[in-house]
Amino acid sequence: MAAARPSGSWSGALCRLLLLTLAILIFASDACKNVTLYVPSKLDAEKLIGRVNLKECFTAANLIHSSDPDFHILEDGSVYTTNSIVLSSEKRSFTILLSNTENQEKKKIFVFLEHQTKVLKKRQTKETVLRRAKRRWAPIPCSMLENSLGPFPLFLQQVQSDTAQNYTIYYSIRGPGVDQEPRNLFYVERDTGNLYCTRPVDREQYESFEIIAFATTPDGYTPELPLPLIIKIEDENDNYPIFTEETYTFTIFENCRVGTTVGQVCATDKDEPDTMHTRLKYSIIGQVPPSPTLFSMHPTTGVITTTSSQLDRELIDKYQLKIKVQDMDGQYFGLQTTSTCIINIDDVNDHLPTFTRTSYVASVEENTVDVEILRVTVEDKDLVNTANWRANYTILKGNENGNFKIVTDAKTNEGILCVVKPLNYEEKQQVILQIGVVNEAPFSREASSRSAMSTATVTVNVQDQDEGPECNPPIQTIRMNENAAVGTTSNGYKAYDPETRSSSGIRYKKLTDPTGWVTVDENTGSIRVFRSLDREAETIRNGIYNITVLASDQAGRTCTGTLGIILQDVNDNGPFIPKKTVIICKPTMSSAEIVAVDPDEPINGPPFDFSLESSTSDVQRMWRLINDTAARLSYQNDPAFGSYVVPVTVRDRLGMSSVTSLDVTLCDCITENDCTHSAHPRISGGGVQLGKWAILAILLGIALLFCILFTLVCGASGISKQPKVIPDDLAQQNLIVSNTEAPGDDKVYSANGFTTQTVGASAQGVCGTMGSGVKNGGQETIEMVKGGHQTLESCRGAGHHHTLDSCKGGHTEVDNCRYTYSEWHSFTQPRLGEKVYLCNQDENHKHAQDYVLTYNYEGRGSVAGSVGCCSERQEEDGLEFLDNLEPKFRTLAEACMKR
């Protein structure tokens with residue numbers, strides 16, 4: 001048994017050792033890397049002392065807890081003091097507990113706090129020991145807390161070069177915070193490379209510093225390249241969030257829905273962005289009036305919304321909110337700022353105007369107009385002098401005749417009832433009106449059980465007034481026959497007293513009577529014919545004769561009316577023919593239309609009966625009438641041209657007739673406008689008269705002949721006086737007179753294949769002049785022209801050669817140049833036949849329009865030249881007037897063509 005005790009004791013110790021080992025392993029598995037924070041000996045409350053990387057230990061933690069109540073840990077690992085702490089000479093530690101409530105997993109981080117002076121001593125001691133240890137000449141991460149309390153100079157880090165093992169190295173720095181602004185903020189110990197800060201730094205002014213470190217030997221050799229060092233300034237929550245405005249003002253309509261946006265507030269924080277120091281939360285901390293609570297604020301966006309639809313401007317028209325913004329995500333130790341928000345409640349038309357009374361009574365005298373008879377008032381709780389308050393009045397019933405209107409007084413909002421059309425006591429003594437009122441703006445609320453319009457009743461009593469006579473209707477009519485006998489009486493205009501509805505005691509007086517046809521009885525108003533009435537008079541329009549009558553009572557009050565006398569037609573006018581001149585163009589017309597009119601009404605008018613009034617045999621033999629709605633007068637037995645008088649009788653349907661003497665002219669014309677007494681020929685008494693156009697045509701023809709003669713005489717005077725020899729075939733020659741180029745020259749001309757010889761001759765006269773031939777489409781013309789009193793005679797010559805000699809002297813006659821008609825005919829007919837054939841064709845070898853006709857021999861002494869197509873073509877330029885002949889010449893041309 002004794003031997004067994006040591007064995008049991010050993011096994012128990014072994015078990016305890018195993019349990020301790022297991023506990024250590026379990027603790028090691030739950031614990032994360034220890035963290036050491038170097039802090040001053042004295043820490044203020046709510047002071048940041050450092051950060052712990054929580055994600056490195058436990059990424060799924062949703063619950064963070066500190067084992068020491070003097071310290072508070074945020075989600076980003078920032079460690080803050082909750083109370084003022086003074087560190088003793090010994091170290092202080094606490095545990096950060098991380099856990100996940102979903103899977104019950106837990107982790108721990110041990111945090112050790114160490115006094116900063118001890119750290120410096122240990123570092124310096126350690127540096128002497130490790131001076132010969134190899135270090136890299138590379139950037140070393142470095143940071144410092146803004147607004148640090150020191151002690152200063154504050155050690156930041158040590159800079160060392162590997163070459164210090166072989167050389168004596170001196171360290172130096174340059175850049176911002178050293179030899180640039182802010183100057184002398186950092187310095188480095190020349191021999192050790194320890195970097196120090198001399199005073200606190202504000203991160204909001206300088207977020208970081210980038211300085212350059214140098215390593216050199218005493219003799220100036222630089223074994224290392226310059227080393228950039230970045231010193232980051234860690235943020236401290238030393239700035240309060242600030243609202244962008246001291247007072248916010250918003251406006252919202254009353255009765256708005258729940259969740260309606262009122263407005264949004266905004267604040268800024270100068271601390272480092274995207275950290276807890278700048279994570280802001282908004283909230284409402286007060287409301288005036290305090291109840292009911294009607295608004296809420298989104299904690300992140302600062303948007304203010306309504307939480308109730310019971311906003312009533314008529315109860316409270318303005319609310320004042322006290323709002324707060326706090327950093328550190330709203331934690332109780334975060335910095336906070338407050339501001340004021342004023343919310344004005346805008347009016348909507350949620351109250352109807354209502355009459356202060358339901359019934360009103362007013363009175364007005366009859367026949368008055370544009371007078372105010374009543375003012376009505378309403379009550380409205382909406383905002384004064386807005387469209388929600390201003391009233392619109394209307395008359396709903398009782399104003400069918402338009403006697404009233406109601407308007408709004410813009411200042412008092414009262415309804416003003418006026419009379420705009422006179423009332424008549426004799427017609428109605430009392431009028432009952434129903435009036436209603438609404439606002440200018442539409443009513444906002446939905447239709448409820450009560451009416452959307454307030455109404456009231458207005459009783460208007462019409463007061464009687466002593467009135468004068470009334471002319472009603474203002475226009476009265478009577479009927480009378482025209483041609484009524486003088487002294488005939490008829491009822492006249494009647495006026496009456498509107499009160500008694502009687503015409504007694506009213507006097508009448510005629511004001512206007514255009515032709516003085518009637519008189520008006522003073523007592524009865526009846527009319528009497530003073531002169532014969534004529535419906536067809538010029539002053540009558542539509543068969544009505546108007547007179548104006550003045551009616552007056554005993555008090556002198558008057559009215560005016562119009563009496564229209566409708567004149568009934570009597571068949572007192574026979575039809576007549578207003579157009580007494582008739583022109584008949586015999587070549588184109590066989591008759592002319594004559595139209596009759598009757599001033600009487602159609603019942604006493606057409607159809608008319610036309611007849612020849614004269615019983616003489618000449619009229620009956622020469623003229624006849626064709627009756628129709630109008631009549632046509634036609635001639636017969638081919639009477640001569642001239643003027644005739646034809647009496648025509650016209651009867652209407654009732655036998656009333658009249659005789660009209662027509663001046664009928666038979667004229668040689670195409671249209672009536674062509675026939676005048678001086679311009680056109682007509683036969684009268686067997687004499688022949690020429691119109692002005694015929695005389696003008698004759699004069700133009702004579703002038704043309706003289707021009708041709710003058711041209712030929714001038715051309716012949718300058719040439720040689722040799723006799724002109726005309727070839728035997730006269731019809732195939734073309735005689736052309738040219739201008740004289742030199743005296744005595746002989747010229748030979750060729751035209752169209754024919755030769756004309758001009759030979760000087762000493763003959764003393766020319767019996768006839770042959771017109772010059774003109775080349776025109778292969779056709780040639782020959783024109784015989786006689787000048788003065790010369791005569792063209794046939795000239796005999798030897799053989800078959802005939803000559804035309806010049807016969808000088810105006811009155812000289814050549815008797816030896818004579819041929820008989822048969823000889824002249826046998827000489828010209830075969831030669832002209834060929835020319836006629838050629839003239840009868842145009843360029844396309846088609847027949848021309850102007851055919852050359854055979855004419856009888858005109859005898860000696862004819863002054864006319866050729867009128868056929870073989871006339872000289874060069875004269876056509878002066879005959880344009882022949883293209884537009886008067887109607888009589890066209891008729892002559894047509895007759896010649898037919899014959």
# chains A, B, ... in the order shown; residues from 1 in each chain; ligands from 1
>>> residues_around(residues="Gly50 of chain A", least_positions_apart="5", cutoff="10 Å", atoms="only C-alpha atoms", output="VMD selection string")
chain A and resid 36 to 39 73 77 to 80 145 234
>>> write_last_selection(atoms="all heavy atoms", output="CSV table (one decimal), in the first residue's frame")
chain,number,residue,atom,x,y,z
A,36,THR,N,0.4,45.6,-28.2
A,36,THR,CA,1.0,46.5,-27.2
A,36,THR,C,0.8,47.9,-27.7
A,36,THR,O,1.1,48.3,-28.8
A,36,THR,CB,2.4,46.2,-27.0
A,36,THR,OG1,2.6,44.9,-26.5
A,36,THR,CG2,3.0,47.2,-26.0
A,37,LEU,N,0.2,48.8,-26.8
A,37,LEU,CA,-0.1,50.2,-27.2
A,37,LEU,C,0.8,51.0,-26.3
A,37,LEU,O,0.8,50.8,-25.0
A,37,LEU,CB,-1.5,50.6,-27.0
A,37,LEU,CG,-2.5,49.8,-27.9
A,37,LEU,CD1,-4.0,50.2,-27.6
A,37,LEU,CD2,-2.2,50.0,-29.3
A,38,TYR,N,1.6,52.0,-26.8
A,38,TYR,CA,2.4,52.9,-26.1
A,38,TYR,C,1.7,54.2,-25.8
A,38,TYR,O,1.3,54.9,-26.8
A,38,TYR,CB,3.7,53.1,-26.8
A,38,TYR,CG,4.5,51.8,-27.1
A,38,TYR,CD1,4.4,51.2,-28.3
A,38,TYR,CD2,5.2,51.2,-26.1
A,38,TYR,CE1,5.0,50.0,-28.6
A,38,TYR,CE2,5.9,50.0,-26.4
A,38,TYR,CZ,5.8,49.4,-27.6
A,38,TYR,OH,6.4,48.2,-27.8
A,39,VAL,N,1.5,54.5,-24.6
A,39,VAL,CA,0.6,55.7,-24.3
A,39,VAL,C,1.3,56.5,-23.2
A,39,VAL,O,2.3,56.0,-22.5
A,39,VAL,CB,-0.7,55.2,-23.7
A,39,VAL,CG1,-1.5,54.5,-24.8
A,39,VAL,CG2,-0.6,54.3,-22.5
A,73,ILE,N,-14.1,50.0,-27.2
A,73,ILE,CA,-13.5,49.6,-28.5
A,73,ILE,C,-14.7,49.7,-29.6
A,73,ILE,O,-15.8,49.3,-29.4
A,73,ILE,CB,-13.0,48.1,-28.5
A,73,ILE,CG1,-11.8,48.0,-27.6
A,73,ILE,CG2,-12.6,47.7,-30.0
A,73,ILE,CD1,-12.2,47.7,-26.2
A,77,GLY,N,-11.8,49.1,-34.6
A,77,GLY,CA,-10.7,48.7,-33.7
A,77,GLY,C,-10.1,49.9,-33.0
A,77,GLY,O,-9.1,49.8,-32.3
A,78,SER,N,-10.7,51.1,-33.1
A,78,SER,CA,-10.3,52.2,-32.3
A,78,SER,C,-10.5,52.0,-30.8
A,78,SER,O,-11.6,51.6,-30.4
A,78,SER,CB,-10.9,53.5,-32.8
A,78,SER,OG,-10.6,53.7,-34.2
A,79,VAL,N,-9.5,52.4,-30.0
A,79,VAL,CA,-9.6,52.2,-28.6
A,79,VAL,C,-9.7,53.5,-27.9
A,79,VAL,O,-8.8,54.4,-28.1
A,79,VAL,CB,-8.4,51.4,-28.0
A,79,VAL,CG1,-8.5,51.2,-26.5
A,79,VAL,CG2,-8.3,50.0,-28.7
A,80,TYR,N,-10.8,53.8,-27.2
A,80,TYR,CA,-11.0,55.1,-26.6
A,80,TYR,C,-11.1,54.9,-25.1
A,80,TYR,O,-11.6,53.8,-24.6
A,80,TYR,CB,-12.3,55.7,-27.1
A,80,TYR,CG,-12.2,56.4,-28.4
A,80,TYR,CD1,-12.3,55.6,-29.6
A,80,TYR,CD2,-11.9,57.7,-28.5
A,80,TYR,CE1,-12.2,56.2,-30.8
A,80,TYR,CE2,-11.8,58.3,-29.7
A,80,TYR,CZ,-12.0,57.6,-30.9
A,80,TYR,OH,-11.8,58.2,-32.1
A,145,LEU,N,0.1,60.5,-33.6
A,145,LEU,CA,-1.3,61.0,-33.3
A,145,LEU,C,-1.3,62.5,-33.3
A,145,LEU,O,-0.4,63.2,-32.8
A,145,LEU,CB,-1.7,60.4,-32.0
A,145,LEU,CG,-3.2,60.7,-31.6
A,145,LEU,CD1,-4.1,59.8,-32.6
A,145,LEU,CD2,-3.5,60.2,-30.2
A,234,GLU,N,-2.1,60.6,-37.6
A,234,GLU,CA,-3.3,59.9,-37.2
A,234,GLU,C,-4.4,60.9,-36.8
A,234,GLU,O,-4.1,61.8,-36.0
A,234,GLU,CB,-3.0,58.9,-36.2
A,234,GLU,CG,-2.1,57.8,-36.6
A,234,GLU,CD,-2.7,56.8,-37.6
A,234,GLU,OE1,-3.9,56.8,-37.7
A,234,GLU,OE2,-1.9,56.1,-38.3
>>> atom_distance(atom1="atom CA of Leu511 of chain A", atom2="atom CA of Glu536 of chain A")
23.5 Å
>>> select_by_dssp(residues="segment 401-648 of chain A", states="alpha helix (DSSP H)", output="number ranges by chain")
A: 617-622
>>> write_last_selection(atoms="C-alpha atoms", output="PDB file, in the first residue's frame")
ATOM      1  CA  SER A 617    -100.534  98.568-143.732  1.00  0.00           C
ATOM      2  CA  ASP A 618     -96.803  99.425-143.842  1.00  0.00           C
ATOM      3  CA  VAL A 619     -96.272  98.554-140.171  1.00  0.00           C
ATOM      4  CA  GLN A 620     -98.294  95.396-140.428  1.00  0.00           C
ATOM      5  CA  ARG A 621     -96.489  94.444-143.640  1.00  0.00           C
ATOM      6  CA  MET A 622     -92.931  95.123-142.368  1.00  0.00           C
TER       7      MET A 622
END
>>> closest_residue(among="A:Asn166, A:Gln157, A:Ser502, A:Gln568", to="Tyr196 of chain A", atoms="only C-alpha atoms")
A:Gln157
>>> closest_residue(among="A:Val438, A:Val458, A:Leu315, A:Ala45", to="Tyr360 of chain A", atoms="only C-alpha atoms")
A:Val458
>>> residues_around(residues="Arg528 of chain A", least_positions_apart="5", cutoff="8 Å", atoms="only C-alpha atoms", output="PyMOL selection string")
chain A and resi 486-490+518-521
>>> closest_residue(among="A:Glu440, A:Glu482, A:Glu470, A:Asp312", to="Pro292 of chain A", atoms="only C-alpha atoms")
A:Asp312
>>> residues_around(residues="segment 651-660 of chain A", least_positions_apart="3", cutoff="7 Å", atoms="only C-alpha atoms", output="list in words")
Gly574, Pro575, Phe576, Ile577, Asn604, Gly605, Pro606, Pro607, Phe608, Asp609, Phe610, Pro647 and Val648 of chain A
>>> residues_around(residues="segment 322-331 of chain A", least_positions_apart="3", cutoff="6 Å", atoms="only C-alpha atoms", output="MDAnalysis selection string")
chainID A and resid 276:286 334:340
>>> residues_around(residues="Leu113 of chain A", least_positions_apart="5", cutoff="12 Å", atoms="only C-alpha atoms", output="mmCIF file with N, CA, C and O atoms, in the first residue's frame")
data_model
loop_
_atom_site.group_PDB
_atom_site.id
_atom_site.type_symbol
_atom_site.label_atom_id
_atom_site.label_comp_id
_atom_site.auth_asym_id
_atom_site.auth_seq_id
_atom_site.Cartn_x
_atom_site.Cartn_y
_atom_site.Cartn_z
ATOM 1 N N ASN A 34 -1.173 39.185 -29.436
ATOM 2 C CA ASN A 34 -1.205 40.242 -28.434
ATOM 3 C C ASN A 34 -0.850 41.580 -29.069
ATOM 4 O O ASN A 34 -0.068 41.655 -30.016
ATOM 5 N N VAL A 35 -1.434 42.623 -28.514
ATOM 6 C CA VAL A 35 -1.223 43.975 -29.030
ATOM 7 C C VAL A 35 -0.686 44.828 -27.891
ATOM 8 O O VAL A 35 -1.206 44.778 -26.771
ATOM 9 N N THR A 36 0.381 45.603 -28.165
ATOM 10 C CA THR A 36 0.951 46.519 -27.192
ATOM 11 C C THR A 36 0.755 47.941 -27.699
ATOM 12 O O THR A 36 1.119 48.264 -28.847
ATOM 13 N N LEU A 37 0.165 48.794 -26.835
ATOM 14 C CA LEU A 37 -0.064 50.194 -27.167
ATOM 15 C C LEU A 37 0.791 51.046 -26.263
ATOM 16 O O LEU A 37 0.807 50.848 -25.040
ATOM 17 N N TYR A 38 1.556 51.976 -26.815
ATOM 18 C CA TYR A 38 2.420 52.866 -26.058
ATOM 19 C C TYR A 38 1.684 54.168 -25.849
ATOM 20 O O TYR A 38 1.326 54.865 -26.808
ATOM 21 N N VAL A 39 1.453 54.512 -24.601
ATOM 22 C CA VAL A 39 0.621 55.671 -24.265
ATOM 23 C C VAL A 39 1.341 56.510 -23.224
ATOM 24 O O VAL A 39 2.263 56.038 -22.535
ATOM 25 N N PRO A 40 0.937 57.782 -23.094
ATOM 26 C CA PRO A 40 1.484 58.622 -22.019
ATOM 27 C C PRO A 40 1.046 58.101 -20.659
ATOM 28 O O PRO A 40 0.148 57.258 -20.540
ATOM 29 N N SER A 41 1.638 58.631 -19.635
ATOM 30 C CA SER A 41 1.322 58.178 -18.276
ATOM 31 C C SER A 41 -0.050 58.663 -17.842
ATOM 32 O O SER A 41 -0.676 58.059 -16.982
ATOM 33 N N LYS A 42 -0.558 59.741 -18.467
ATOM 34 C CA LYS A 42 -1.857 60.273 -18.091
ATOM 35 C C LYS A 42 -2.749 60.314 -19.346
ATOM 36 O O LYS A 42 -2.378 60.861 -20.373
ATOM 37 N N LEU A 43 -3.926 59.733 -19.211
ATOM 38 C CA LEU A 43 -4.877 59.675 -20.323
ATOM 39 C C LEU A 43 -6.161 60.386 -19.912
ATOM 40 O O LEU A 43 -6.698 60.117 -18.822
ATOM 41 N N ILE A 49 -6.415 56.170 -27.957
ATOM 42 C CA ILE A 49 -5.076 55.748 -27.563
ATOM 43 C C ILE A 49 -4.448 54.816 -28.600
ATOM 44 O O ILE A 49 -3.257 54.488 -28.488
ATOM 45 N N GLY A 50 -5.210 54.380 -29.613
ATOM 46 C CA GLY A 50 -4.639 53.523 -30.647
ATOM 47 C C GLY A 50 -5.700 52.701 -31.334
ATOM 48 O O GLY A 50 -6.899 52.802 -31.038
ATOM 49 N N PHE A 71 -12.064 51.336 -20.871
ATOM 50 C CA PHE A 71 -11.740 51.394 -22.285
ATOM 51 C C PHE A 71 -12.953 50.938 -23.119
ATOM 52 O O PHE A 71 -13.703 50.047 -22.710
ATOM 53 N N VAL A 79 -9.491 52.355 -30.026
ATOM 54 C CA VAL A 79 -9.595 52.167 -28.575
ATOM 55 C C VAL A 79 -9.677 53.542 -27.940
ATOM 56 O O VAL A 79 -8.775 54.384 -28.133
ATOM 57 N N ILE A 85 -7.340 58.297 -16.827
ATOM 58 C CA ILE A 85 -6.522 57.189 -16.301
ATOM 59 C C ILE A 85 -5.103 57.694 -16.111
ATOM 60 O O ILE A 85 -4.569 58.415 -16.967
ATOM 61 N N VAL A 86 -4.495 57.268 -14.983
ATOM 62 C CA VAL A 86 -3.067 57.525 -14.711
ATOM 63 C C VAL A 86 -2.384 56.163 -14.596
ATOM 64 O O VAL A 86 -2.743 55.345 -13.728
ATOM 65 N N LEU A 87 -1.405 55.932 -15.491
ATOM 66 C CA LEU A 87 -0.720 54.635 -15.480
ATOM 67 C C LEU A 87 0.330 54.606 -14.387
ATOM 68 O O LEU A 87 1.089 55.567 -14.194
ATOM 69 N N SER A 88 0.391 53.500 -13.678
ATOM 70 C CA SER A 88 1.439 53.307 -12.665
ATOM 71 C C SER A 88 2.716 52.830 -13.352
ATOM 72 O O SER A 88 2.783 52.757 -14.567
ATOM 73 N N SER A 89 3.720 52.538 -12.544
ATOM 74 C CA SER A 89 4.990 52.081 -13.116
ATOM 75 C C SER A 89 4.844 50.713 -13.769
ATOM 76 O O SER A 89 5.630 50.338 -14.634
ATOM 77 N N GLU A 90 3.811 49.968 -13.340
ATOM 78 C CA GLU A 90 3.624 48.644 -13.913
ATOM 79 C C GLU A 90 2.751 48.736 -15.177
ATOM 80 O O GLU A 90 2.032 49.700 -15.387
ATOM 81 N N LYS A 91 2.846 47.678 -15.941
ATOM 82 C CA LYS A 91 2.025 47.614 -17.148
ATOM 83 C C LYS A 91 0.573 47.398 -16.771
ATOM 84 O O LYS A 91 0.256 46.841 -15.741
ATOM 85 N N ARG A 92 -0.327 47.872 -17.744
ATOM 86 C CA ARG A 92 -1.770 47.651 -17.576
ATOM 87 C C ARG A 92 -2.272 46.946 -18.829
ATOM 88 O O ARG A 92 -1.880 47.261 -19.942
ATOM 89 N N SER A 93 -3.169 46.006 -18.621
ATOM 90 C CA SER A 93 -3.667 45.224 -19.750
ATOM 91 C C SER A 93 -5.158 44.988 -19.595
ATOM 92 O O SER A 93 -5.705 45.084 -18.488
ATOM 93 N N PHE A 94 -5.780 44.674 -20.725
ATOM 94 C CA PHE A 94 -7.204 44.277 -20.732
ATOM 95 C C PHE A 94 -7.426 43.405 -21.959
ATOM 96 O O PHE A 94 -6.562 43.278 -22.842
ATOM 97 N N THR A 95 -8.583 42.794 -22.002
ATOM 98 C CA THR A 95 -8.889 41.827 -23.058
ATOM 99 C C THR A 95 -10.060 42.343 -23.904
ATOM 100 O O THR A 95 -11.056 42.844 -23.367
ATOM 101 N N LYS A 118 9.479 54.417 -20.776
ATOM 102 C CA LYS A 118 10.141 53.130 -20.664
ATOM 103 C C LYS A 118 10.455 52.558 -22.037
ATOM 104 O O LYS A 118 11.472 51.925 -22.250
ATOM 105 N N VAL A 119 9.593 52.819 -22.925
ATOM 106 C CA VAL A 119 9.831 52.318 -24.285
ATOM 107 C C VAL A 119 11.060 52.959 -24.883
ATOM 108 O O VAL A 119 11.904 52.321 -25.499
#
>>> closest_residue(among="A:Val595, A:Ile435, A:Ile708, A:Ile96", to="Ser454 of chain A", atoms="only C-alpha atoms")
A:Ile435
>>> closest_residue(among="A:Ile584, A:Asp350, A:Gln264, A:Glu314", to="Thr300 of chain A", atoms="only C-alpha atoms")
A:Gln264
